[in-house]
>>> print(open('run-v5.cif').read())   # mmCIF, C-alpha atoms
data_query
loop_
_atom_site.label_atom_id
_atom_site.label_comp_id
_atom_site.auth_asym_id
_atom_site.auth_seq_id
_atom_site.Cartn_x
_atom_site.Cartn_y
_atom_site.Cartn_z
CA MET A 24 105.98 69.19 73.82
CA ASP A 25 108.44 66.91 72.07
CA ASP A 26 108.21 63.51 73.76
CA ASP A 27 111.91 62.94 73.10
CA LEU A 28 112.72 65.95 75.30
CA ASP A 29 110.31 65.08 78.07
CA PHE A 30 113.13 63.51 80.10
CA LEU A 31 114.60 67.00 80.56
CA ASN A 32 111.59 68.02 82.62
CA LYS A 33 112.26 65.14 84.98
CA ASN A 34 115.97 65.75 85.16
CA GLU A 35 116.74 67.16 88.59
CA ALA A 36 119.66 69.17 87.19
CA ASN A 37 117.21 71.20 85.10
CA TYR A 38 114.82 72.03 87.92
CA LYS A 39 115.68 73.81 91.15
CA PRO A 40 112.95 75.09 93.45
CA LEU A 41 113.01 78.87 93.74
CA ASN A 42 114.93 79.66 96.92
CA PRO A 43 115.72 83.19 98.19
CA ILE A 44 118.62 81.79 100.23
CA SER A 45 120.43 81.29 96.92
CA PHE A 46 120.93 85.06 96.81
CA LEU A 47 123.33 84.77 99.75
CA TYR A 48 125.44 82.12 98.03
CA LYS A 49 125.70 84.27 94.90
CA ALA A 50 126.56 87.42 96.86
CA GLU A 51 129.32 85.49 98.63
CA GLU A 52 130.67 84.11 95.37
CA LEU A 53 130.54 87.30 93.31
CA PHE A 54 131.11 90.02 95.92
CA PRO A 55 132.80 88.33 98.89
CA ASP A 56 134.51 91.52 100.11
CA LYS A 57 131.56 93.87 99.59
CA LEU A 58 130.07 95.10 102.85
CA SER A 59 126.90 93.19 103.63
CA LEU A 60 126.02 94.72 106.97
CA ILE A 61 126.91 97.65 109.21
CA TYR A 62 125.69 97.99 112.77
CA ASN A 63 127.30 100.66 114.93
CA GLU A 64 131.00 99.68 114.86
CA THR A 65 130.35 96.16 113.55
CA GLN A 66 130.89 95.47 109.86
CA TYR A 67 130.62 92.24 107.89
CA SER A 68 131.37 91.36 104.28
CA TRP A 69 129.15 89.04 102.28
CA LYS A 70 131.69 86.26 102.78
CA GLN A 71 131.62 86.80 106.54
CA THR A 72 127.83 86.92 106.61
CA ALA A 73 127.61 83.67 104.64
CA ILE A 74 130.05 81.98 107.02
CA ARG A 75 128.11 83.18 110.08
CA CYS A 76 124.85 81.92 108.57
CA ARG A 77 126.34 78.49 107.85
CA LYS A 78 127.65 78.29 111.42
CA PHE A 79 124.21 79.34 112.71
CA ALA A 80 122.50 76.65 110.60
CA SER A 81 125.03 74.03 111.68
CA ALA A 82 124.63 74.93 115.35
CA LEU A 83 120.86 74.46 115.09
CA ARG A 84 121.42 70.92 113.82
CA LYS A 85 123.99 70.19 116.52
CA GLU A 86 121.42 71.30 119.09
CA GLY A 87 119.34 68.32 118.01
CA LEU A 88 116.73 70.14 115.97
CA LYS A 89 115.50 68.67 112.69
CA SER A 90 113.98 69.74 109.39
CA GLY A 91 110.57 71.34 109.80
CA ASP A 92 111.18 72.50 113.36
CA VAL A 93 110.25 76.10 114.13
CA VAL A 94 112.97 78.51 115.22
CA GLY A 95 111.76 81.62 117.03
CA ILE A 96 113.58 84.91 117.41
CA ILE A 97 112.60 88.09 119.25
CA ALA A 98 115.01 90.84 118.34
CA ALA A 99 115.41 94.40 117.18
CA ASN A 100 116.82 95.15 113.72
CA THR A 101 120.26 93.80 114.57
CA PRO A 102 122.61 91.43 112.69
CA GLU A 103 121.26 88.36 114.52
CA LEU A 104 117.77 88.79 113.08
CA TYR A 105 119.14 89.42 109.60
CA GLU A 106 121.27 86.29 109.76
CA ALA A 107 118.30 84.23 110.95
CA HIS A 108 116.49 84.93 107.68
CA PHE A 109 119.14 82.86 105.90
CA ALA A 110 120.46 80.46 108.53
CA VAL A 111 117.12 79.02 109.61
CA PRO A 112 116.01 77.99 106.09
CA MET A 113 119.58 76.79 105.40
CA SER A 114 119.12 74.36 108.28
CA GLY A 115 115.87 73.04 106.80
CA MET A 116 113.86 74.70 109.57
CA ILE A 117 111.11 77.34 109.64
CA LEU A 118 111.68 80.90 110.85
CA ASN A 119 109.25 82.61 113.20
CA ALA A 120 110.31 86.22 113.85
CA LEU A 121 108.10 87.48 116.68
CA ASN A 122 106.92 91.04 117.19
CA PHE A 123 108.73 92.28 120.32
CA ARG A 124 105.90 94.78 120.90
CA LEU A 125 103.43 92.02 121.74
CA ASP A 126 102.34 91.40 125.30
CA ALA A 127 103.26 88.25 127.21
CA LYS A 128 99.90 86.57 126.55
CA ASN A 129 100.24 86.81 122.77
CA ILE A 130 103.90 85.77 122.83
CA ALA A 131 102.96 82.73 124.91
CA TYR A 132 100.21 81.87 122.43
CA ILE A 133 102.62 82.06 119.47
CA ILE A 134 105.26 79.97 121.25
CA ASP A 135 102.69 77.22 121.81
CA HIS A 136 100.75 77.52 118.57
CA SER A 137 103.82 77.39 116.31
CA GLU A 138 105.57 74.86 118.57
CA ILE A 139 108.83 76.81 118.75
CA LYS A 140 111.72 74.49 119.59
CA ILE A 141 114.42 77.10 120.18
CA LEU A 142 113.98 80.79 120.90
CA PHE A 143 116.61 83.50 120.45
CA VAL A 144 115.81 86.46 122.70
CA ASP A 145 117.30 89.95 122.71
CA THR A 146 117.95 90.58 126.39
CA GLU A 147 116.09 93.92 126.19
CA PHE A 148 112.90 91.91 125.69
CA SER A 149 113.71 89.15 128.18
CA PRO A 150 111.30 90.36 130.90
CA VAL A 151 108.20 90.03 128.71
CA VAL A 152 109.47 86.74 127.25
CA LYS A 153 110.13 85.37 130.75
CA THR A 154 106.53 86.18 131.69
CA ALA A 155 105.29 84.59 128.46
CA LEU A 156 107.23 81.40 129.17
CA SER A 157 105.58 81.15 132.59
CA MET A 158 102.25 81.09 130.73
CA SER A 159 103.18 78.78 127.84
CA LYS A 160 103.01 74.99 127.83
CA ASN A 161 105.93 74.74 125.41
CA LYS A 162 109.40 75.31 126.88
CA PRO A 163 111.85 75.99 124.05
CA ILE A 164 115.63 76.15 124.33
CA LEU A 165 116.62 79.76 125.07
CA ILE A 166 119.59 81.63 123.60
CA ASP A 167 120.44 85.22 124.59
CA ILE A 168 121.12 87.95 122.08
CA ILE A 169 123.27 90.32 124.11
CA ASP A 170 123.28 93.78 122.58
CA ILE A 171 122.60 96.20 125.45
CA LYS A 172 124.43 96.45 128.76
CA ASP A 173 121.42 96.36 131.06
CA GLY A 174 119.61 93.44 129.45
CA ILE A 175 118.43 90.42 131.43
CA SER A 176 119.92 87.03 130.57
CA ILE A 177 117.49 84.08 130.45
CA GLY A 178 119.24 81.75 127.95
CA LYS A 179 121.56 78.78 128.32
CA ASN A 180 124.28 80.74 126.46
CA SER A 181 124.80 83.70 124.16
CA TYR A 182 124.19 83.96 120.43
CA GLU A 183 127.90 84.33 119.65
CA SER A 184 128.74 81.29 121.78
CA PHE A 185 126.01 79.40 119.97
CA LEU A 186 127.57 80.29 116.61
CA ASP A 187 130.97 79.15 117.85
CA ASN A 188 129.56 75.61 118.01
CA GLY A 189 128.69 75.67 114.32
CA ASP A 190 130.65 74.50 111.29
CA GLU A 191 131.43 77.20 108.70
CA ASN A 192 131.53 74.47 106.02
CA PHE A 193 128.03 73.25 106.82
CA ILE A 194 126.25 71.77 103.81
CA PHE A 195 123.03 73.74 103.64
CA PHE A 196 119.62 72.26 102.98
CA GLU A 197 117.64 72.94 99.80
CA PRO A 198 113.83 72.89 99.72
CA GLU A 199 112.40 69.85 97.98
CA ASN A 200 109.47 71.90 96.75
CA GLU A 201 108.83 75.62 96.27
CA TRP A 202 105.65 75.09 98.29
CA ASP A 203 107.67 74.13 101.39
CA ASP A 204 107.36 76.40 104.42
CA ILE A 205 110.09 79.00 104.83
CA SER A 206 108.59 81.08 107.63
CA ILE A 207 105.56 81.80 109.79
CA ASN A 208 104.43 85.37 110.42
CA TYR A 209 101.66 86.16 112.85
CA THR A 210 98.92 88.71 112.33
CA SER A 211 98.33 91.32 115.03
CA GLY A 212 95.47 89.43 116.69
CA THR A 213 93.39 92.57 117.18
CA THR A 214 90.17 90.61 116.62
CA GLY A 215 91.09 87.38 118.41
CA SER A 216 94.14 85.17 118.63
CA PRO A 217 96.92 85.95 116.13
CA LYS A 218 96.85 83.85 112.96
CA GLY A 219 100.01 82.10 111.80
CA VAL A 220 100.52 83.01 108.15
CA ILE A 221 102.64 80.38 106.37
CA TYR A 222 105.08 81.67 103.76
CA HIS A 223 106.44 79.40 101.02
CA TYR A 224 109.80 79.55 99.26
CA ARG A 225 108.26 80.50 95.93
CA GLY A 226 106.46 83.55 97.28
CA ALA A 227 109.49 84.71 99.27
CA TYR A 228 111.70 84.43 96.18
CA LEU A 229 109.25 86.19 93.88
CA ASN A 230 108.48 89.05 96.25
CA SER A 231 112.19 89.59 96.85
CA ILE A 232 112.64 90.03 93.10
CA GLY A 233 109.41 92.02 92.85
CA ASN A 234 110.82 94.60 95.27
CA ILE A 235 113.79 95.09 92.95
CA LEU A 236 111.67 95.45 89.83
CA GLU A 237 109.04 97.77 91.26
CA TRP A 238 111.63 100.03 92.87
CA ASN A 239 114.08 100.00 89.94
CA MET A 240 116.74 99.08 92.48
CA GLU A 241 120.31 99.32 91.25
CA ASN A 242 123.23 97.08 92.23
CA HIS A 243 124.71 97.45 95.71
CA PRO A 244 121.95 99.51 97.33
CA ILE A 245 122.57 100.98 100.79
CA TYR A 246 119.46 99.99 102.72
CA LEU A 247 118.52 101.38 106.15
CA TRP A 248 116.49 99.08 108.41
CA THR A 249 113.74 101.32 109.77
CA LEU A 250 111.05 98.74 108.92
CA PRO A 251 110.93 95.97 111.56
CA MET A 252 112.34 92.73 110.17
CA PHE A 253 109.72 90.85 112.20
CA HIS A 254 107.02 92.45 110.05
CA CYS A 255 106.34 90.12 107.10
CA ASN A 256 110.04 89.15 107.15
CA GLY A 257 110.88 92.79 106.56
CA TRP A 258 108.66 92.77 103.44
CA CYS A 259 111.16 90.20 102.07
CA PHE A 260 113.91 92.84 101.93
CA PRO A 261 116.49 90.73 103.82
CA TRP A 262 116.55 88.52 100.73
CA THR A 263 116.16 91.44 98.30
CA ILE A 264 119.29 93.18 99.57
CA ALA A 265 121.28 89.95 99.28
CA ALA A 266 120.06 89.54 95.70
CA LYS A 267 121.55 92.93 94.82
CA ALA A 268 124.63 92.43 97.03
CA GLY A 269 123.74 95.61 98.89
CA THR A 270 124.67 96.84 102.33
CA ASN A 271 122.26 96.52 105.25
CA ILE A 272 122.47 99.37 107.75
CA CYS A 273 120.99 97.97 110.95
CA LEU A 274 119.21 100.36 113.29
CA ARG A 275 118.07 99.40 116.76
CA LYS A 276 116.14 102.55 117.67
CA VAL A 277 114.20 104.47 115.03
CA SER A 278 114.37 108.23 115.47
CA ALA A 279 114.65 111.19 113.12
CA LYS A 280 118.16 111.93 114.35
CA ASN A 281 119.35 108.35 113.85
CA ILE A 282 117.81 108.18 110.38
CA TYR A 283 119.38 111.45 109.19
CA ASP A 284 122.75 110.62 110.73
CA LEU A 285 122.93 107.23 109.03
CA ILE A 286 121.68 108.49 105.66
CA LEU A 287 124.43 111.09 105.64
CA LYS A 288 127.15 108.83 107.04
CA HIS A 289 126.57 105.84 104.77
CA LYS A 290 124.84 107.51 101.81
CA VAL A 291 121.72 105.43 102.38
CA ASN A 292 119.57 105.41 99.26
CA TYR A 293 116.74 103.06 100.25
CA LEU A 294 114.55 102.57 103.30
CA CYS A 295 111.02 101.44 104.13
CA GLY A 296 108.60 102.56 106.79
CA ALA A 297 105.07 103.38 107.83
CA PRO A 298 103.69 106.90 107.22
CA ILE A 299 104.57 107.76 110.83
CA VAL A 300 108.25 107.33 109.90
CA LEU A 301 107.79 109.74 107.00
CA SER A 302 106.18 112.27 109.35
CA MET A 303 109.06 111.78 111.77
CA ILE A 304 111.56 112.57 109.01
CA ALA A 305 109.61 115.49 107.54
CA ASN A 306 108.87 117.09 110.91
CA ALA A 307 112.28 116.57 112.49
CA ALA A 308 113.72 119.40 114.54
CA ILE A 309 116.14 121.70 112.73
CA GLU A 310 119.10 120.40 114.75
CA GLU A 311 118.23 116.80 113.81
CA LYS A 312 117.94 117.32 110.07
CA LYS A 313 120.95 116.65 107.88
CA TYR A 314 121.06 117.72 104.27
CA PHE A 315 122.45 115.31 101.68
CA SER A 316 123.06 115.60 97.95
CA HIS A 317 121.98 112.12 96.82
CA LEU A 318 118.43 110.82 96.28
CA CYS A 319 117.00 108.56 98.96
CA LYS A 320 114.02 106.38 98.04
CA ILE A 321 111.38 105.49 100.63
CA MET A 322 108.73 102.80 100.30
CA THR A 323 105.73 103.33 102.55
CA ALA A 324 102.53 101.40 103.13
CA ALA A 325 99.27 101.71 105.10
CA SER A 326 97.21 104.92 104.91
CA PRO A 327 98.50 107.49 102.43
CA PRO A 328 100.75 110.13 103.99
CA PRO A 329 99.28 113.65 104.00
CA ALA A 330 100.03 115.63 100.85
CA LYS A 331 101.98 118.15 102.94
CA VAL A 332 104.27 115.37 104.23
CA LEU A 333 104.86 114.02 100.71
CA GLN A 334 105.66 117.51 99.47
CA SER A 335 108.09 118.08 102.34
CA MET A 336 109.78 114.72 101.69
CA ASN A 337 110.27 115.61 98.04
CA GLU A 338 111.77 118.99 98.90
CA ILE A 339 114.41 117.53 101.23
CA GLY A 340 115.64 114.82 98.86
CA PHE A 341 113.33 111.83 99.31
CA ASP A 342 111.38 110.02 96.60
CA VAL A 343 108.34 108.24 98.06
CA THR A 344 106.81 105.07 96.62
CA HIS A 345 103.43 104.06 98.03
CA VAL A 346 102.55 100.36 98.28
CA TYR A 347 99.79 98.17 99.66
CA GLY A 348 99.92 94.75 101.18
CA LEU A 349 99.36 92.72 104.32
CA THR A 350 100.89 89.79 106.12
CA GLU A 351 99.07 87.25 103.95
CA VAL A 352 100.73 88.55 100.76
CA PHE A 353 104.35 88.70 102.00
CA GLY A 354 104.09 92.43 102.75
CA PRO A 355 103.67 94.76 99.76
CA CYS A 356 102.54 93.32 96.44
CA VAL A 357 100.62 96.31 95.07
CA VAL A 358 102.37 99.53 94.08
CA CYS A 359 101.69 102.98 92.70
CA LYS A 360 103.26 102.55 89.26
CA TRP A 361 104.57 106.05 88.59
CA LYS A 362 104.42 107.56 85.12
CA GLU A 363 107.07 110.04 83.98
CA GLU A 364 104.50 112.56 82.75
CA TRP A 365 103.22 112.90 86.30
CA ASN A 366 106.49 114.59 87.24
CA GLU A 367 105.18 117.70 85.48
CA LEU A 368 102.18 117.95 87.80
CA SER A 369 102.00 120.09 90.91
CA ASN A 370 103.16 118.67 94.23
CA GLU A 371 99.56 118.43 95.38
CA GLU A 372 98.49 116.53 92.25
CA GLN A 373 101.48 114.20 92.58
CA ALA A 374 100.62 113.54 96.23
CA ASN A 375 97.04 112.66 95.30
CA LEU A 376 98.28 110.17 92.70
CA LYS A 377 100.83 108.63 95.09
CA SER A 378 98.06 108.05 97.62
CA ARG A 379 96.51 105.60 95.15
CA GLN A 380 98.40 102.47 95.98
CA GLY A 381 98.09 101.20 92.48
CA LYS A 382 98.30 97.89 90.69
CA GLU A 383 99.68 94.46 91.47
CA TYR A 384 103.43 93.79 91.42
CA LEU A 385 104.66 92.49 88.08
CA LEU A 386 105.26 89.09 89.74
CA GLN A 387 101.84 89.04 91.42
CA ASP A 388 98.89 88.06 89.23
CA LYS A 389 95.77 90.16 89.74
CA ILE A 390 93.95 92.58 92.03
CA LYS A 391 90.32 93.65 91.91
CA VAL A 392 87.72 95.36 94.07
CA VAL A 393 84.33 93.67 94.37
CA PHE A 394 81.01 94.40 96.02
CA GLN A 395 81.14 92.82 99.47
CA GLY A 396 79.70 89.33 99.55
CA THR A 397 79.88 88.94 95.77
CA MET A 398 82.51 88.51 93.07
CA ASP A 399 81.11 91.40 91.01
CA GLU A 400 83.63 94.18 90.43
CA VAL A 401 82.80 97.73 91.48
CA PRO A 402 82.77 100.44 88.80
CA ASN A 403 86.05 102.31 88.20
CA ASP A 404 84.63 105.56 89.54
CA GLY A 405 86.97 106.18 92.47
CA GLU A 406 83.98 106.28 94.83
CA THR A 407 82.25 102.91 95.12
CA LEU A 408 83.64 100.95 98.05
CA GLY A 409 84.28 97.23 97.81
CA GLU A 410 86.52 94.49 99.17
CA VAL A 411 90.06 94.17 97.81
CA LEU A 412 90.83 90.71 96.37
CA ILE A 413 94.27 89.48 95.29
CA LYS A 414 95.44 86.46 93.33
CA GLY A 415 98.89 85.14 92.51
CA ASN A 416 102.09 83.49 93.66
CA ILE A 417 102.89 86.19 96.22
CA THR A 418 100.14 84.93 98.48
CA MET A 419 100.39 82.84 101.62
CA LYS A 420 100.18 79.07 101.74
CA GLY A 421 97.48 79.35 104.38
CA TYR A 422 96.90 79.81 108.10
CA LEU A 423 98.73 77.45 110.44
CA LYS A 424 96.39 74.86 112.00
CA ASP A 425 93.32 76.78 110.77
CA LYS A 426 91.75 75.10 107.77
CA ASP A 427 88.41 76.89 108.10
CA SER A 428 89.95 80.37 108.05
CA THR A 429 92.18 79.37 105.14
CA LEU A 430 89.26 78.12 103.06
CA LYS A 431 87.27 81.25 103.86
CA ALA A 432 90.19 83.50 102.92
CA PHE A 433 90.60 81.79 99.53
CA LYS A 434 86.92 81.51 98.64
CA ASN A 435 86.31 81.43 94.86
CA GLY A 436 90.03 81.16 94.14
CA TRP A 437 90.95 84.67 95.31
CA PHE A 438 92.48 85.88 98.55
CA HIS A 439 89.93 88.03 100.35
CA THR A 440 91.87 90.75 102.17
CA GLY A 441 88.95 92.07 104.23
CA ASP A 442 90.14 95.57 103.33
CA LEU A 443 87.96 98.14 101.63
CA GLY A 444 89.01 100.16 98.63
CA VAL A 445 87.87 101.88 95.45
CA MET A 446 89.01 101.45 91.87
CA HIS A 447 89.98 104.58 89.95
CA GLU A 448 89.60 105.08 86.25
#
>>> encode(input="run-v5.cif", output="structure tokens")
Amino acid sequence: MDDDLDFLNKNEANYKPLNPISFLYKAEELFPDKLSLIYNETQYSWKQTAIRCRKFASALRKEGLKSGDVVGIIAANTPELYEAHFAVPMSGMILNALNFRLDAKNIAYIIDHSEIKILFVDTEFSPVVKTALSMSKNKPILIDIIDIKDGISIGKNSYESFLDNGDENFIFFEPENEWDDISINYTSGTTGSPKGVIYHYRGAYLNSIGNILEWNMENHPIYLWTLPMFHCNGWCFPWTIAAKAGTNICLRKVSAKNIYDLILKHKVNYLCGAPIVLSMIANAAIEEKKYFSHLCKIMTAASPPPAKVLQSMNEIGFDVTHVYGLTEVFGPCVVCKWKEEWNELSNEEQANLKSRQGKEYLLQDKIKVVFQGTMDEVPNDGETLGEVLIKGNITMKGYLKDKDSTLKAFKNGWFHTGDLGVMHE
């Protein structure tokens, strides 16, 4: 390195921490009138979404919260939860999107463990949250998200009233370091208390871009929210869609009819979901199915869908991409990297290949399968089971308030997933 140019590396103007919130600013600047979000009869442009997010961030500050405070939200896939993915980091705070399917005990644990200062609650889920608050030591400020007529109000005011207190010209906060916390996502807690997985700005940015690269996503995608946004921050797709200035189609209740209706109405060409969503689509009743002429891409994770389901999806206009990931790696970071010559294979052969979840994202570093308890790699025979290990930037910062579990998870410089797999030739 030329010593005379070393000052450039220290010049703040030449270094900006990677920040997925920057995608919103660029979408607003370049495509202000492009539709950012559609939910029932509600529509917003990217300019309107950016303004609402700035008002949200400003209102958080006016409420007396400060940088580093945790903002909780329990909501369905509605505009409020989408906006939180930008507004909370813009305020310098940390987002904690809670799983509304959890019981009161686990919600209470998360409220206390993450020290939530303010909690936005969809009134549909108010009863379980109210019970959780009776069990928790922490008593956050409550704000109602009013979306259904028969919901129960428990907050000091509504989400829209809260936004009205904000300044649309709010000067947003930038992370000082890419390693700063952007969000906390909790594991399911099936084998004990849920673990708080800390996401950093760098990983969120890189996985957002990784989704684009691995899916060959074009500009202005129409993305249907069947995947819960509370799950690994929607696999980072809230930020991905902003990066491509796409349109988010919000969906409160996932059903085959709703999915088909929205695909046809809005020409949806991207969506994510578990294999059960694929089965729901493939096995929909005749009166629920709608036939469309465009290609719709689906990204699915978890266990491979049955070959029959994959074949059915292909026949009705869906192209399925199979991925692997978990909360600790920002959602998916391993993908079946499809080769064009495989298109000539039979549907059954293609399904078998798609069930192999593949190789690491381009922006992730490495994946390997090792004999349990060692760092020795299993043979590439497609049969020998071992533990899946992952390394790279799309990996969590660590577990909140759990140093021992963090050190164990990153033993020998790799993230130990605890999942079993085989390595094919």
>>> residues_around(input="run-v5.cif", residues="Gly189 in chain A", least_positions_apart="4", cutoff="10 Å", atoms="all atoms listed in the file", output="list of chain:residue names")
A:Ile74, A:Arg75, A:Cys76, A:Arg77, A:Lys78, A:Phe79, A:Ala80, A:Ser81, A:Ala82, A:Leu83, A:Arg84, A:Lys85, A:Glu86, A:Ser184, A:Phe185, A:Phe193
>>> resolve_selection(input="run-v5.cif", expression="the PyMOL selection byres ((chain A and resi 91) around 10)", output="PyMOL selection string")
chain A and resi 88-90+92-94+112+114-118+203-205
>>> residues_near_point(input="run-v5.cif", point="(107.2, 79.6, 131.5)", cutoff="12 Å", atoms="only C-alpha atoms", output="PDB file with C-alpha atoms, in the frame of the given file")
ATOM      1  CA  ALA A 127     103.260  88.250 127.210  1.00  0.00           C
ATOM      2  CA  LYS A 128      99.900  86.570 126.550  1.00  0.00           C
ATOM      3  CA  ILE A 130     103.900  85.770 122.830  1.00  0.00           C
ATOM      4  CA  ALA A 131     102.960  82.730 124.910  1.00  0.00           C
ATOM      5  CA  TYR A 132     100.210  81.870 122.430  1.00  0.00           C
ATOM      6  CA  ILE A 134     105.260  79.970 121.250  1.00  0.00           C
ATOM      7  CA  ASP A 135     102.690  77.220 121.810  1.00  0.00           C
ATOM      8  CA  PRO A 150     111.300  90.360 130.900  1.00  0.00           C
ATOM      9  CA  VAL A 151     108.200  90.030 128.710  1.00  0.00           C
ATOM     10  CA  VAL A 152     109.470  86.740 127.250  1.00  0.00           C
ATOM     11  CA  LYS A 153     110.130  85.370 130.750  1.00  0.00           C
ATOM     12  CA  THR A 154     106.530  86.180 131.690  1.00  0.00           C
ATOM     13  CA  ALA A 155     105.290  84.590 128.460  1.00  0.00           C
ATOM     14  CA  LEU A 156     107.230  81.400 129.170  1.00  0.00           C
ATOM     15  CA  SER A 157     105.580  81.150 132.590  1.00  0.00           C
ATOM     16  CA  MET A 158     102.250  81.090 130.730  1.00  0.00           C
ATOM     17  CA  SER A 159     103.180  78.780 127.840  1.00  0.00           C
ATOM     18  CA  LYS A 160     103.010  74.990 127.830  1.00  0.00           C
ATOM     19  CA  ASN A 161     105.930  74.740 125.410  1.00  0.00           C
ATOM     20  CA  LYS A 162     109.400  75.310 126.880  1.00  0.00           C
ATOM     21  CA  PRO A 163     111.850  75.990 124.050  1.00  0.00           C
ATOM     22  CA  ILE A 164     115.630  76.150 124.330  1.00  0.00           C
ATOM     23  CA  LEU A 165     116.620  79.760 125.070  1.00  0.00           C
ATOM     24  CA  ILE A 177     117.490  84.080 130.450  1.00  0.00           C
TER      25      ILE A 177
END
>>> resolve_selection(input="run-v5.cif", expression="the PyMOL selection byres ((chain A and resi 355-360) around 7)", output="PyMOL selection string")
chain A and resi 258+344-349+352-354+361-362+377+379-384+387
>>> residues_around(input="run-v5.cif", residues="Asp167 in chain A", least_positions_apart="4", cutoff="7 Å", atoms="all atoms listed in the file", output="list in words")
Phe143, Val144, Asp145, Thr146, Ser176, Ile177, Gly178, Asn180, Ser181 and Tyr182 of chain A
>>> closest_atom_pairs(input="run-v5.cif", of="range 220-251 of chain A", to="range 311-329 of chain A", cutoff="10 Å", atoms="all atoms listed in the file", output="CSV")
residue,atom,partner,partner_atom,distance
A:Asn234,CA,A:Met322,CA,9.8
A:Trp238,CA,A:Met322,CA,8.4
A:Met240,CA,A:Lys320,CA,9.6
A:Ile245,CA,A:Cys319,CA,9.6
A:Tyr246,CA,A:Lys320,CA,9.6
A:Leu247,CA,A:Ile321,CA,9.9
A:Leu250,CA,A:Thr323,CA,9.5
>>> resolve_selection(input="run-v5.cif", expression="the PyMOL selection byres ((chain A and resi 263-267) around 7)", output="PyMOL selection string")
chain A and resi 46-47+50+231-232+234-235+242-243+259-262+268-269
>>> closest_residue(input="run-v5.cif", among="A:Phe148, A:Ala120, A:Lys276, A:Ile304", to="Gly257 in chain A", atoms="all atoms listed in the file")
A:Ala120
>>> residues_around(input="run-v5.cif", residues="Glu351 in chain A", least_positions_apart="4", cutoff="9 Å", atoms="all atoms listed in the file", output="ChimeraX atom specification")
/A:208,210,220-222,255,417-422,438,440
>>> residues_around(input="run-v5.cif", residues="Gly409 in chain A", least_positions_apart="4", cutoff="10 Å", atoms="all atoms listed in the file", output="ChimeraX atom specification")
/A:391-397,399-402,441-446
>>> write_last_selection(input="run-v5.cif", atoms="C-alpha atoms", output="short mmCIF file (atom, residue, chain, number, x, y, z; two decimals), in the coordinates of the input")
data_model
loop_
_atom_site.label_atom_id
_atom_site.label_comp_id
_atom_site.auth_asym_id
_atom_site.auth_seq_id
_atom_site.Cartn_x
_atom_site.Cartn_y
_atom_site.Cartn_z
CA LYS A 391 90.32 93.65 91.91
CA VAL A 392 87.72 95.36 94.07
CA VAL A 393 84.33 93.67 94.37
CA PHE A 394 81.01 94.40 96.02
CA GLN A 395 81.14 92.82 99.47
CA GLY A 396 79.70 89.33 99.55
CA THR A 397 79.88 88.94 95.77
CA ASP A 399 81.11 91.40 91.01
CA GLU A 400 83.63 94.18 90.43
CA VAL A 401 82.80 97.73 91.48
CA PRO A 402 82.77 100.44 88.80
CA GLY A 441 88.95 92.07 104.23
CA ASP A 442 90.14 95.57 103.33
CA LEU A 443 87.96 98.14 101.63
CA GLY A 444 89.01 100.16 98.63
CA VAL A 445 87.87 101.88 95.45
CA MET A 446 89.01 101.45 91.87
#
>>> closest_residue(input="run-v5.cif", among="A:Lys389, A:Lys431, A:Arg124, A:His136", to="Ala99 in chain A", atoms="all atoms listed in the file")
A:Arg124
>>> closest_residue(input="run-v5.cif", among="A:Leu412, A:Val291, A:Gly296, A:Lys218", to="Thr429 in chain A", atoms="all atoms listed in the file")
A:Lys218
>>> atom_distance(input="run-v5.cif", atom1="CA of Gly340 in chain A", atom2="CA of Tyr67 in chain A")
28.6 Å
>>> atom_distance(input="run-v5.cif", atom1="CA of Phe195 in chain A", atom2="CA of Met113 in chain A")
4.9 Å
>>> residues_around(input="run-v5.cif", residues="Asn63 in chain A", least_positions_apart="4", cutoff="12 Å", atoms="only C-alpha atoms", output="list in words")
Tyr67, Asn100, Thr101, Pro102, Asp170, Asn271, Ile272, Cys273, Leu274, Arg275, Lys276, Asn281, Asp284, Leu285, Lys288 and His289 of chain A
>>> closest_residue(input="run-v5.cif", among="A:Ser68, A:Thr407, A:Asn292, A:Asn119", to="Ile141 in chain A", atoms="all atoms listed in the file")
A:Asn119
>>> atom_distance(input="run-v5.cif", atom1="CA of Phe196 in chain A", atom2="CA of His223 in chain A")
15.1 Å
>>> closest_residue(input="run-v5.cif", among="A:Pro198, A:Gly415, A:Gly226, A:Pro244", to="Lys39 in chain A", atoms="all atoms listed in the file")
A:Pro198
>>> build_atoms(input="run-v5.cif", residues="range 131-136 of chain A", atoms="N, CA and C atoms", output="compact mmCIF listing (two decimals), keeping the file's coordinate frame")
# COMPACT_ATOMS: atom_id res chain seq x y z
N ALA A 131 103.16 84.09 124.41
CA ALA A 131 102.96 82.73 124.91
C ALA A 131 102.11 81.92 123.92
N TYR A 132 101.07 82.55 123.40
CA TYR A 132 100.21 81.87 122.43
C TYR A 132 101.01 81.45 121.19
N ILE A 133 101.84 82.35 120.67
CA ILE A 133 102.62 82.06 119.47
C ILE A 133 103.65 80.97 119.73
N ILE A 134 104.29 81.01 120.89
CA ILE A 134 105.26 79.97 121.25
C ILE A 134 104.60 78.59 121.22
N ASP A 135 103.40 78.51 121.77
CA ASP A 135 102.69 77.22 121.81
C ASP A 135 102.11 76.85 120.45
N HIS A 136 101.46 77.81 119.81
CA HIS A 136 100.75 77.52 118.57
C HIS A 136 101.70 77.09 117.46
